[in-house]
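Written out below as structure tokens is the structure these notes cover.
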Amino acid sequence: MYKTILLFIGSLALMAFTTKKNMKTRNQIAKSYYEILDQGNAEKMEDLLAPGLIDHDGHGGNAVEEIKQLTLALKQGFSNSKHELEVVELIGDDKVFVRWRMTAKHTGAFFGVPATNNMVNFVGHDLLKVEDGKVVEIWHVEDLAGMFDQLKGA
């Protein structure tokens, strides 16, 4: 009986440690994702994104390549890009929700809009599903209309 109780307590402690480690990993992966976007280092995205990444709000192509292209477009279109993570919430055992705010100066062409030198300040929400240290699925919503209005000076 004593061995059974010790085994049970040991199992609970291991589960708690594993869960805490998983939580830290998801937090760090989320933070790293936005740091890489701000740095514009598209190749580093491969360290975070699973090769079979599913982007539920993408364009139906290779999701990893699409996110790498977005990373490059942000670098070419904006200087001093900064994603501030306003909310980071762990959901279940494998997801992390992030509400972010991006501020930057539009100093280069971005999706056909030539540089305006306008500042942008807009928000978005992402849900990242993480398995084995990689993002395997992503859902996202951004205030792109608001951002493009700021580029036009509206």
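Residues are named by chain letter and number: chains run A, B, ... in the order of the structure tokens, numbers start at 1 in each chain, and ligands are numbered from 1 in the order shown.
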
Please run DSSP on the backbone and report, as a count of residues only, all residues within range 13-131 of chain A that come out as strand (DSSP E).
46

Option closest in space to Lys82 in chain A, from A:Asp94, A:Asp149, A:Asp132, A:Glu35 [counting only C-alpha atoms]:
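Smallest distance to Lys82 in chain A is found for A:Glu35.
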
Which is closer to Gly52 in chain A than all the others in A:Phe122, A:Glu65, A:Ile36, A:Ala145, using only C-alpha atoms?
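That would be A:Glu65, the residue with the smallest distance to Gly52 in chain A.
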
Smallest atom-to-atom distance to Gln39 in chain A: which of A:Phe78, A:Gly133, A:Val141, A:His125, using only C-alpha atoms?
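Checking each of A:Phe78, A:Gly133, A:Val141, A:His125 against Gln39 in chain A, counting only C-alpha atoms, the winner is A:Phe78.
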
Write out as a PyMOL selection string all residues of range 55-120 of chain A that backbone DSSP assigns to helix (DSSP H, G or I).
chain A and resi 63-77

Please provide as a list in words all residues within 7 Å of Glu137 in chain A, with the sequence filter that same-chain residues fewer than 6 positions apart are discarded (counting only C-alpha atoms).
Leu53, Ile54, Asp55, Leu128 and Lys129 of chain A

Within 12 Å of Lys134 in chain A using only C-alpha atoms, minus same-chain residues under 2 positions, as a ChimeraX atom specification:
/A:22,25-30,32-33,45-54,64,94-95,128-132,136-138

Now that the selection is made, can you save its residues with C-alpha atoms as a PDB file, in the first residue's frame?
ATOM      1  CA  ASN A  22       4.691  22.471 -21.597  1.00  0.00           C
ATOM      2  CA  THR A  25       7.338  26.013 -23.912  1.00  0.00           C
ATOM      3  CA  ARG A  26       4.073  27.309 -25.420  1.00  0.00           C
ATOM      4  CA  ASN A  27       4.656  30.758 -23.937  1.00  0.00           C
ATOM      5  CA  GLN A  28       8.194  30.875 -25.300  1.00  0.00           C
ATOM      6  CA  ILE A  29       7.137  29.644 -28.740  1.00  0.00           C
ATOM      7  CA  ALA A  30       4.483  32.358 -28.941  1.00  0.00           C
ATOM      8  CA  SER A  32       9.568  33.801 -30.313  1.00  0.00           C
ATOM      9  CA  TYR A  33       7.043  33.848 -33.188  1.00  0.00           C
ATOM     10  CA  MET A  45      10.333  30.584 -38.790  1.00  0.00           C
ATOM     11  CA  GLU A  46      11.291  27.047 -39.770  1.00  0.00           C
ATOM     12  CA  ASP A  47      12.523  26.540 -36.196  1.00  0.00           C
ATOM     13  CA  LEU A  48       9.005  27.219 -34.877  1.00  0.00           C
ATOM     14  CA  LEU A  49       6.624  26.023 -37.578  1.00  0.00           C
ATOM     15  CA  ALA A  50       5.935  22.355 -38.310  1.00  0.00           C
ATOM     16  CA  PRO A  51       6.486  21.425 -41.974  1.00  0.00           C
ATOM     17  CA  GLY A  52       2.818  20.426 -42.307  1.00  0.00           C
ATOM     18  CA  LEU A  53       1.535  23.607 -40.632  1.00  0.00           C
ATOM     19  CA  ILE A  54      -2.184  24.216 -41.143  1.00  0.00           C
ATOM     20  CA  VAL A  64       5.099  27.777 -43.760  1.00  0.00           C
ATOM     21  CA  ASP A  94      -1.692  22.361 -26.578  1.00  0.00           C
ATOM     22  CA  LYS A  95      -2.868  25.876 -27.505  1.00  0.00           C
ATOM     23  CA  LEU A 128      -1.448  28.676 -31.994  1.00  0.00           C
ATOM     24  CA  LYS A 129      -1.629  24.918 -31.547  1.00  0.00           C
ATOM     25  CA  VAL A 130       1.724  23.536 -30.414  1.00  0.00           C
ATOM     26  CA  GLU A 131       2.937  19.933 -30.561  1.00  0.00           C
ATOM     27  CA  ASP A 132       6.470  18.738 -29.871  1.00  0.00           C
ATOM     28  CA  VAL A 136       1.174  22.792 -36.074  1.00  0.00           C
ATOM     29  CA  GLU A 137      -1.970  24.901 -36.560  1.00  0.00           C
ATOM     30  CA  ILE A 138      -2.704  28.610 -36.527  1.00  0.00           C
TER      31      ILE A 138
END

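Atom pair CA of His140 in chain A / CA of Ala42 in chain A has a distance of 18.3 Å (rounded to one decimal).
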
Which residue, A:Asp143, A:Lys31, A:Asp57, A:Gln69, has the smallest gap to Phe111 in chain A when you use only C-alpha atoms?
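Selected residue with least distance to Phe111 in chain A: A:Gln69.
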
A:Glu66, A:Leu151, A:Arg101, A:Glu86 ranked by distance to Asn118 in chain A, top pick (using only C-alpha atoms):
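Ranked by minimum distance to Asn118 in chain A, first place goes to A:Leu151.
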
The distance between CA of Thr103 in chain A and CA of Asn62 in chain A is 27.3 Å

Extract, using only C-alpha atoms, all DNA, RNA and protein residues at most 8 Å from Val88 in chain A, discarding same-chain residues fewer than 3 positions from it, and format them as a list in words.
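Counting only the stated atoms, we get Asn27, Leu85, Val96, Phe97, Val98 and Arg99 of chain A.
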